[in-house]
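File shown: run38.tsv. Contents: TSV, C-alpha atoms and all ligand atoms.
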```
chain	number	residue	atom	x	y	z
A	416	MET	CA	1.22	21.24	-11.20
A	417	ASP	CA	-0.05	19.31	-14.22
A	418	ILE	CA	0.80	15.62	-13.79
A	419	THR	CA	0.70	13.31	-16.81
A	420	SER	CA	3.19	10.58	-15.92
A	421	ILE	CA	3.64	8.58	-12.72
A	422	GLY	CA	6.61	6.44	-11.72
A	423	VAL	CA	5.85	3.54	-9.36
A	424	VAL	CA	8.73	1.89	-7.48
A	425	GLY	CA	7.95	-1.69	-6.48
A	426	ALA	CA	5.69	-4.11	-8.35
A	427	GLY	CA	4.33	-5.99	-5.32
A	428	GLN	CA	0.69	-6.08	-4.23
A	429	MET	CA	0.52	-2.33	-3.57
A	430	GLY	CA	2.65	-1.26	-6.55
A	431	ASN	CA	0.63	-3.22	-9.09
A	432	GLY	CA	-2.62	-1.90	-7.66
A	433	ILE	CA	-1.35	1.69	-7.82
A	434	ALA	CA	-0.19	1.21	-11.44
A	435	HIS	CA	-3.63	-0.26	-12.24
A	436	VAL	CA	-5.69	2.66	-10.91
A	437	MET	CA	-3.33	5.33	-12.25
A	438	ALA	CA	-3.36	3.87	-15.78
A	439	LEU	CA	-7.15	3.51	-15.68
A	440	ALA	CA	-7.44	7.19	-14.70
A	441	GLY	CA	-5.39	8.20	-17.76
A	442	TYR	CA	-1.85	8.61	-16.38
A	443	GLU	CA	1.18	7.20	-18.20
A	444	VAL	CA	2.72	4.75	-15.73
A	445	LEU	CA	6.33	3.60	-15.54
A	446	LEU	CA	6.55	0.64	-13.14
A	447	ASN	CA	9.94	-0.31	-11.69
A	448	ASP	CA	11.20	-3.32	-9.78
A	449	ILE	CA	14.61	-4.97	-9.27
A	450	ASN	CA	13.26	-8.25	-10.58
A	451	GLN	CA	11.90	-8.94	-14.09
A	452	ASP	CA	9.73	-11.80	-12.83
A	453	ALA	CA	8.06	-9.39	-10.38
A	454	LEU	CA	7.37	-6.92	-13.23
A	455	ASP	CA	5.93	-9.67	-15.46
A	456	ALA	CA	3.78	-10.98	-12.59
A	457	ALA	CA	2.53	-7.45	-11.85
A	458	VAL	CA	1.47	-6.81	-15.47
A	459	ALA	CA	-0.30	-10.20	-15.55
A	460	ARG	CA	-2.04	-9.37	-12.25
A	461	ILE	CA	-3.18	-5.94	-13.52
A	462	ASP	CA	-4.52	-7.56	-16.70
A	463	LYS	CA	-6.42	-10.14	-14.63
A	464	ASN	CA	-7.84	-7.58	-12.19
A	465	LEU	CA	-8.90	-5.27	-15.05
A	466	GLU	CA	-10.53	-8.24	-16.78
A	467	ARG	CA	-12.47	-8.91	-13.58
A	468	GLN	CA	-13.71	-5.30	-13.70
A	469	VAL	CA	-14.67	-5.71	-17.38
A	470	SER	CA	-16.61	-8.91	-16.63
A	471	ARG	CA	-18.53	-7.06	-13.88
A	472	GLU	CA	-19.21	-4.16	-16.26
A	473	LYS	CA	-17.29	-1.69	-14.09
A	474	VAL	CA	-14.79	-0.98	-16.89
A	475	SER	CA	-15.25	-1.19	-20.67
A	476	ALA	CA	-13.00	-3.43	-22.80
A	477	GLU	CA	-11.73	-0.27	-24.57
A	478	ASP	CA	-10.80	1.42	-21.29
A	479	LYS	CA	-9.03	-1.76	-20.16
A	480	ALA	CA	-6.99	-1.86	-23.39
A	481	ALA	CA	-6.15	1.85	-23.08
A	482	ALA	CA	-5.07	1.38	-19.45
A	483	MET	CA	-2.82	-1.57	-20.32
A	484	SER	CA	-1.23	0.46	-23.15
A	485	ARG	CA	-0.33	3.23	-20.66
A	486	ILE	CA	1.76	0.90	-18.48
A	487	SER	CA	5.48	0.42	-19.22
A	488	THR	CA	7.97	-1.41	-17.03
A	489	THR	CA	11.67	-0.93	-16.33
A	490	LEU	CA	14.40	-2.51	-14.24
A	491	GLU	CA	16.21	0.87	-14.25
A	492	LEU	CA	15.18	3.01	-11.30
A	493	PRO	CA	16.82	6.19	-12.75
A	494	ALA	CA	14.36	5.98	-15.70
A	495	LEU	CA	11.64	7.15	-13.28
A	496	GLY	CA	13.42	10.50	-13.07
A	497	ARG	CA	11.62	11.58	-16.24
A	498	THR	CA	8.15	11.16	-14.69
A	499	ASP	CA	6.21	14.01	-13.05
A	500	LEU	CA	5.52	12.21	-9.77
A	501	VAL	CA	7.09	9.14	-8.20
A	502	ILE	CA	5.26	6.85	-5.77
A	503	GLU	CA	7.61	4.62	-3.81
A	504	ALA	CA	5.85	1.34	-2.92
A	505	ALA	CA	8.81	-0.87	-2.02
A	506	THR	CA	9.25	-3.10	1.01
A	507	GLU	CA	8.34	-1.48	4.34
A	508	ARG	CA	11.99	-1.03	5.41
A	509	GLU	CA	13.23	2.49	5.98
A	510	GLU	CA	16.79	1.97	4.70
A	511	ILE	CA	15.52	0.52	1.40
A	512	LYS	CA	13.27	3.55	0.94
A	513	HIS	CA	16.18	5.94	1.64
A	514	GLN	CA	18.33	4.06	-0.91
A	515	ILE	CA	15.61	4.39	-3.56
A	516	PHE	CA	15.35	8.17	-3.08
A	517	ASP	CA	19.16	8.47	-3.00
A	518	THR	CA	19.43	6.59	-6.32
A	519	LEU	CA	16.73	8.72	-7.91
A	520	LYS	CA	18.18	12.06	-6.72
A	521	PRO	CA	20.58	12.89	-9.62
A	522	HIS	CA	18.01	11.86	-12.26
A	523	LEU	CA	14.99	13.90	-11.11
A	524	GLY	CA	13.60	16.91	-12.92
A	525	PRO	CA	13.47	20.08	-10.75
A	526	ASP	CA	9.69	19.91	-10.31
A	527	THR	CA	9.23	16.18	-9.83
A	528	ILE	CA	7.16	15.34	-6.75
A	529	LEU	CA	8.31	12.43	-4.59
A	530	THR	CA	5.84	10.41	-2.54
A	531	SER	CA	5.90	7.25	-0.47
A	532	ASN	CA	3.16	4.68	0.00
A	533	THR	CA	4.68	3.83	3.38
A	534	SER	CA	2.09	2.53	5.82
A	535	SER	CA	3.85	3.84	8.92
A	536	ILE	CA	7.33	5.35	8.48
A	537	SER	CA	7.89	9.07	9.19
A	538	ILE	CA	7.35	11.15	6.04
A	539	THR	CA	9.42	13.97	7.56
A	540	ARG	CA	12.39	11.63	8.05
A	541	LEU	CA	12.11	10.14	4.54
A	542	ALA	CA	11.84	13.66	3.07
A	543	SER	CA	14.79	15.00	5.03
A	544	ARG	CA	17.30	12.88	3.09
A	545	THR	CA	16.00	14.08	-0.30
A	546	ASP	CA	16.83	17.37	-2.02
A	547	ARG	CA	13.14	18.41	-2.02
A	548	PRO	CA	11.39	17.98	1.36
A	549	GLU	CA	8.84	20.63	0.30
A	550	ARG	CA	7.85	18.48	-2.69
A	551	PHE	CA	7.65	15.22	-0.72
A	552	MET	CA	4.63	13.62	0.95
A	553	GLY	CA	2.90	10.41	1.98
A	554	PHE	CA	0.49	8.90	-0.58
A	555	HIS	CA	-0.92	5.86	1.20
A	556	PHE	CA	-3.25	3.47	-0.63
A	557	MET	CA	-5.25	0.63	0.93
A	558	ASN	CA	-5.18	-2.98	-0.27
A	559	PRO	CA	-6.75	-4.06	-2.65
A	560	VAL	CA	-6.06	-0.71	-4.30
A	561	PRO	CA	-8.63	-1.00	-7.15
A	562	VAL	CA	-11.42	-1.65	-4.62
A	563	MET	CA	-10.64	0.46	-1.55
A	564	GLN	CA	-11.99	4.03	-1.62
A	565	LEU	CA	-9.52	5.71	0.73
A	566	VAL	CA	-6.13	7.29	0.15
A	567	GLU	CA	-4.33	8.82	3.14
A	568	LEU	CA	-2.40	11.98	2.29
A	569	ILE	CA	0.32	12.77	4.81
A	570	ARG	CA	2.21	16.06	4.86
A	571	GLY	CA	5.75	16.01	6.22
A	572	ILE	CA	6.77	19.02	8.29
A	573	ALA	CA	8.13	20.77	5.16
A	574	THR	CA	5.53	19.70	2.54
A	575	ASP	CA	4.25	22.75	0.66
A	576	GLU	CA	0.63	23.48	-0.25
A	577	PRO	CA	1.02	23.09	-4.07
A	578	THR	CA	2.40	19.56	-3.52
A	579	TYR	CA	-0.54	18.67	-1.27
A	580	GLN	CA	-3.05	20.14	-3.75
A	581	THR	CA	-1.43	18.26	-6.66
A	582	CYS	CA	-1.73	14.94	-4.81
A	583	LEU	CA	-5.30	15.75	-3.77
A	584	GLY	CA	-6.10	16.44	-7.44
A	585	ILE	CA	-4.80	12.98	-8.37
A	586	VAL	CA	-6.92	11.32	-5.66
A	587	ASN	CA	-9.97	13.16	-7.04
A	588	LYS	CA	-9.14	12.02	-10.57
A	589	LEU	CA	-8.95	8.44	-9.30
A	590	GLU	CA	-12.48	8.99	-7.91
A	591	LYS	CA	-11.22	7.99	-4.49
A	592	THR	CA	-11.54	9.88	-1.18
A	593	ALA	CA	-8.58	11.48	0.58
A	594	ALA	CA	-8.07	11.49	4.34
A	595	SER	CA	-5.54	14.07	5.44
A	596	ALA	CA	-3.31	12.77	8.26
A	597	GLU	CA	-0.59	14.38	10.30
A	598	ASP	CA	2.85	12.78	10.24
A	599	PHE	CA	2.78	10.60	13.37
A	600	PRO	CA	3.56	6.86	13.53
A	601	ALA	CA	1.24	4.78	11.29
A	602	PHE	CA	-0.97	7.85	10.50
A	603	ILE	CA	-4.75	7.18	10.91
A	604	VAL	CA	-5.82	3.84	9.42
A	605	ASN	CA	-2.91	1.71	10.63
A	606	ARG	CA	-2.76	3.46	14.03
A	607	ILE	CA	-6.21	1.96	14.63
A	608	LEU	CA	-6.30	-1.15	12.42
A	609	ILE	CA	-2.96	-2.80	13.20
A	610	PRO	CA	-3.30	-2.68	17.03
A	611	MET	CA	-6.71	-4.36	16.51
A	612	ILE	CA	-5.01	-7.12	14.50
A	613	ASN	CA	-2.27	-7.34	17.18
A	614	GLU	CA	-5.00	-7.70	19.82
A	615	ALA	CA	-6.57	-10.52	17.77
A	616	CYS	CA	-3.13	-12.22	17.87
A	617	TYR	CA	-3.10	-11.85	21.69
A	618	THR	CA	-6.65	-13.24	21.81
A	619	LEU	CA	-5.37	-16.32	19.97
A	620	TYR	CA	-2.10	-16.45	21.97
A	621	GLU	CA	-3.97	-16.38	25.28
A	622	GLY	CA	-6.44	-19.06	24.12
A	623	VAL	CA	-9.50	-16.83	24.37
A	624	GLY	CA	-10.61	-18.15	20.97
A	625	ASN	CA	-9.27	-20.12	18.03
A	626	VAL	CA	-8.55	-18.70	14.56
A	627	ALA	CA	-12.04	-19.45	13.22
A	628	SER	CA	-13.91	-18.20	16.28
A	629	ILE	CA	-11.93	-14.93	16.44
A	630	ASP	CA	-12.48	-14.20	12.75
A	631	ASN	CA	-16.15	-15.21	12.81
A	632	ALA	CA	-16.74	-13.12	15.93
A	633	MET	CA	-15.45	-9.97	14.25
A	634	LYS	CA	-17.16	-10.69	10.89
A	635	LEU	CA	-20.56	-11.44	12.40
A	636	GLY	CA	-20.27	-9.37	15.56
A	637	ALA	CA	-18.73	-6.21	14.13
A	638	ASN	CA	-19.65	-6.54	10.44
A	639	HIS	CA	-16.01	-6.52	9.29
A	640	PRO	CA	-15.67	-7.89	5.73
A	641	MET	CA	-12.72	-10.05	6.85
A	642	GLY	CA	-11.81	-11.33	10.30
A	643	PRO	CA	-8.66	-9.74	11.81
A	644	LEU	CA	-6.47	-12.85	11.36
A	645	GLU	CA	-7.62	-13.33	7.76
A	646	LEU	CA	-6.91	-9.63	7.20
A	647	ALA	CA	-3.44	-10.01	8.78
A	648	ASP	CA	-2.70	-12.83	6.28
A	649	PHE	CA	-3.96	-10.56	3.49
A	650	ILE	CA	-1.82	-7.55	4.52
A	651	GLY	CA	1.24	-9.74	5.32
A	652	LEU	CA	2.30	-10.63	8.86
A	653	ASP	CA	5.73	-9.06	8.29
A	654	THR	CA	4.06	-5.75	7.36
A	655	CYS	CA	1.77	-5.95	10.43
A	656	LEU	CA	4.79	-6.60	12.69
A	657	ALA	CA	6.80	-3.80	11.08
A	658	ILE	CA	3.93	-1.36	11.72
A	659	MET	CA	3.57	-2.50	15.37
A	660	ASN	CA	7.30	-1.93	15.83
A	661	VAL	CA	7.02	1.59	14.37
A	662	LEU	CA	4.14	2.33	16.80
A	663	HIS	CA	6.01	0.81	19.75
A	664	ASP	CA	9.27	2.64	18.99
A	665	GLY	CA	7.65	5.92	17.95
A	666	LEU	CA	5.08	6.27	20.73
A	667	ALA	CA	7.00	4.43	23.50
A	668	ASP	CA	3.84	2.96	24.99
A	669	THR	CA	3.62	-0.71	26.05
A	670	LYS	CA	0.07	-0.89	24.67
A	671	TYR	CA	1.73	-1.19	21.25
A	672	ARG	CA	4.00	-4.15	22.12
A	673	PRO	CA	3.88	-6.68	19.29
A	674	CYS	CA	2.26	-9.99	20.24
A	675	PRO	CA	4.95	-12.72	20.67
A	676	LEU	CA	2.84	-15.05	18.51
A	677	LEU	CA	2.90	-12.55	15.62
A	678	THR	CA	6.70	-12.30	15.98
A	679	LYS	CA	7.01	-16.10	16.02
A	680	TYR	CA	4.96	-16.50	12.82
A	681	VAL	CA	7.13	-13.92	11.06
A	682	GLU	CA	10.30	-15.66	12.29
A	683	ALA	CA	8.92	-18.92	10.90
A	684	GLY	CA	8.41	-17.27	7.51
A	685	TRP	CA	4.64	-17.73	7.83
A	686	LEU	CA	3.91	-14.31	6.35
A	687	GLY	CA	0.36	-14.90	5.15
A	688	ARG	CA	-1.23	-15.32	1.76
A	689	LYS	CA	1.82	-14.25	-0.24
A	690	VAL	CA	3.72	-17.36	0.93
A	691	LYS	CA	0.55	-19.46	1.18
A	692	ARG	CA	0.88	-19.84	4.95
A	693	GLY	CA	-0.01	-17.60	7.86
A	694	PHE	CA	-2.86	-17.99	10.36
A	695	TYR	CA	-4.48	-20.01	7.56
A	696	ASP	CA	-2.96	-22.60	5.25
A	697	TYR	CA	-3.47	-21.68	1.56
A	698	ARG	CA	-1.45	-24.58	0.08
A	701	LIG	N1	-8.85	-5.74	-8.33
A	701	LIG	C1	-10.04	-5.38	-8.82
A	701	LIG	N2	-11.21	-5.73	-8.22
A	701	LIG	C2	-11.14	-6.50	-7.11
A	701	LIG	C3	-9.93	-6.91	-6.54
A	701	LIG	C4	-8.75	-6.49	-7.19
A	701	LIG	N3	-7.54	-6.80	-6.70
A	701	LIG	N4	-10.19	-7.66	-5.44
A	701	LIG	C5	-11.52	-7.69	-5.31
A	701	LIG	N5	-12.10	-6.99	-6.31
A	701	LIG	C6	-13.52	-6.70	-6.50
A	701	LIG	C7	-14.33	-7.89	-6.95
A	701	LIG	O1	-14.31	-8.00	-8.35
A	701	LIG	C8	-15.71	-7.54	-6.43
A	701	LIG	O2	-16.33	-6.60	-7.30
A	701	LIG	P1	-17.95	-6.42	-7.38
A	701	LIG	O3	-18.37	-5.71	-6.12
A	701	LIG	O4	-18.14	-5.57	-8.59
A	701	LIG	O5	-18.52	-7.78	-7.49
A	701	LIG	C9	-15.43	-6.84	-5.11
A	701	LIG	O6	-14.08	-6.38	-5.21
A	701	LIG	C10	-15.55	-7.77	-3.95
A	701	LIG	O7	-14.68	-8.88	-4.18
A	701	LIG	P2	-15.10	-10.41	-3.99
A	701	LIG	O8	-16.55	-10.59	-4.26
A	701	LIG	O9	-14.14	-11.25	-4.75
A	701	LIG	O10	-14.75	-10.74	-2.50
A	701	LIG	P3	-15.26	-10.08	-1.17
A	701	LIG	O11	-16.69	-9.64	-1.24
A	701	LIG	O12	-14.88	-11.08	-0.14
A	701	LIG	O13	-14.38	-8.76	-0.99
A	701	LIG	C11	-12.49	-7.57	-0.30
A	701	LIG	C12	-12.98	-8.80	-1.01
A	701	LIG	C13	-12.87	-6.32	-1.07
A	701	LIG	C14	-10.97	-7.69	-0.23
A	701	LIG	C15	-13.14	-7.51	1.14
A	701	LIG	O14	-12.96	-8.74	1.79
A	701	LIG	C16	-12.58	-6.42	2.01
A	701	LIG	O15	-12.95	-5.27	1.91
A	701	LIG	N6	-11.67	-6.80	2.93
A	701	LIG	C17	-11.01	-5.85	3.83
A	701	LIG	C18	-9.89	-5.16	3.11
A	701	LIG	C19	-9.18	-4.17	3.99
A	701	LIG	O16	-9.47	-3.97	5.16
A	701	LIG	N7	-8.18	-3.54	3.41
A	701	LIG	C20	-7.35	-2.60	4.11
A	701	LIG	C21	-6.14	-3.31	4.54
A	701	LIG	S1	-5.09	-2.21	5.44
A	701	LIG	C22	-4.18	-1.48	4.30
A	701	LIG	O17	-4.21	-1.75	3.14
A	701	LIG	C23	-3.30	-0.43	4.84
A	701	LIG	C24	-1.93	-0.89	5.12
A	701	LIG	O18	-1.03	-0.06	4.97
A	701	LIG	C25	-1.57	-2.19	5.70
```
Please express the file's structure as structure tokens.
Amino acid sequence: MDITSIGVVGAGQMGNGIAHVMALAGYEVLLNDINQDALDAAVARIDKNLERQVSREKVSAEDKAAAMSRISTTLELPALGRTDLVIEAATEREEIKHQIFDTLKPHLGPDTILTSNTSSISITRLASRTDRPERFMGFHFMNPVPVMQLVELIRGIATDEPTYQTCLGIVNKLEKTAASAEDFPAFIVNRILIPMINEACYTLYEGVGNVASIDNAMKLGANHPMGPLELADFIGLDTCLAIMNVLHDGLADTKYRPCPLLTKYVEAGWLGRKVKRGFYDYR
């Protein structure tokens, strides 16, 4: 299917990154959020991140201007029904995602493809409540979206081949690399990455090391670009906990039990960089 327009639901850190790369690749983007301030902040963030790419000569000033001109915003979710493909990138809570697809349902064209950027929730379950499980799949970007090369493509049990090939074509146009994952809790990247972060939380909780020593150990000892606790702050501790809970519930294995310290930080509202406090203090 020929895709020219993309609807993005959610203007947070993933949504603005997805809008950025899609617009730069030539797609018309309609970005939706429930909050005008979030939409304004997302457009400002995209402009800033594109400017950074211009200053590093990765993107020309003309391409930046063209990309910005392809991005429109709306507070009206039904408006996304006129796009060719929708990427849901809202909060990682299953009921919110179901509500978004329910609201969109009467406004969608017959061929519109629905996708979710969920980092862990079952694609088959999300698809089952829509009217088009065969044209539904997981389209999972990594943060920061403009920099990270990988996109996970996850087929639900009913996803058809043309839908998969259409999404693969978009990943190729973005000049990113697709990893095809089966629909099991947290897919590939987060099945491996988030338990590592959870283990770093246990390492702190049990006093094996402090925040700096744990992060330095993994940066210098395993060549990770960020230490696991710094990365947890970057992803969001609430997102990390939500993914651990999906693994724990979905795979019923105690090796996935969330670290009590991670739970405590989330209960305290210390969610990481986005609130300027997590394992590090950004105030
Ligand atoms: N937009 C555009 N460009 C950006 C950017 C953004 N938001 N953020 C960083 N960059 C660019 C910089 O301009 C810079 O470009 P050059 O190479 O051309 O100089 C490059 O990225 C590196 O950035 P910095 O020099 O500022 O900083 P850095 O070297 O410390 O790298 C980082 C920053 C790329 C974020 C790096 O620390 C990193 O790779 N961290 C790990 C990120 C990671 O693991 N992400 C996956 C998270 S898991 C996930 O997303 C899945 C999930 O569902 C939870």
Residue neighbourhood stretch 425-436 of chain A, 8 Å, only C-alpha atoms, exclusion window fewer than 4 positions, as a ChimeraX atom specification: /A:440,444,446-449,453-454,457-458,460-461,465,482,486,503-506,556-561,589
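The closest residue to A:Glu491, picked from A:Val423, A:Leu583, A:Ile572, A:Val623 and counting all atoms listed in the file, is A:Val423.
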Environment of ligand LIG 701 (chain A) within 8 Å, counting only C-alpha atoms and all ligand atoms, reported as a count of residues only: 33
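Closest approach to A:Leu619 among A:Leu676, A:Val501, A:Val661, A:Ala637 is made by A:Leu676 (distances from only C-alpha atoms).
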For atom CA of A:Ala494 and atom CA of A:Ala438, the interatomic separation in Å (one decimal):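 Taking atom CA of A:Ala494 and atom CA of A:Ala438, their separation equals 17.8 Å.
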Could you give me, as a CSV table (one decimal) with C-alpha atoms, keeping the file's coordinate frame, the residues within 7 Å of A:Ile612, counting all atoms listed in the file and dropping anything in the same chain fewer than 4 positions from it?
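See out16.csv below for the written result:
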```csv
chain,number,residue,atom,x,y,z
A,608,LEU,CA,-6.3,-1.2,12.4
A,616,CYS,CA,-3.1,-12.2,17.9
A,643,PRO,CA,-8.7,-9.7,11.8
A,644,LEU,CA,-6.5,-12.8,11.4
A,647,ALA,CA,-3.4,-10.0,8.8
```
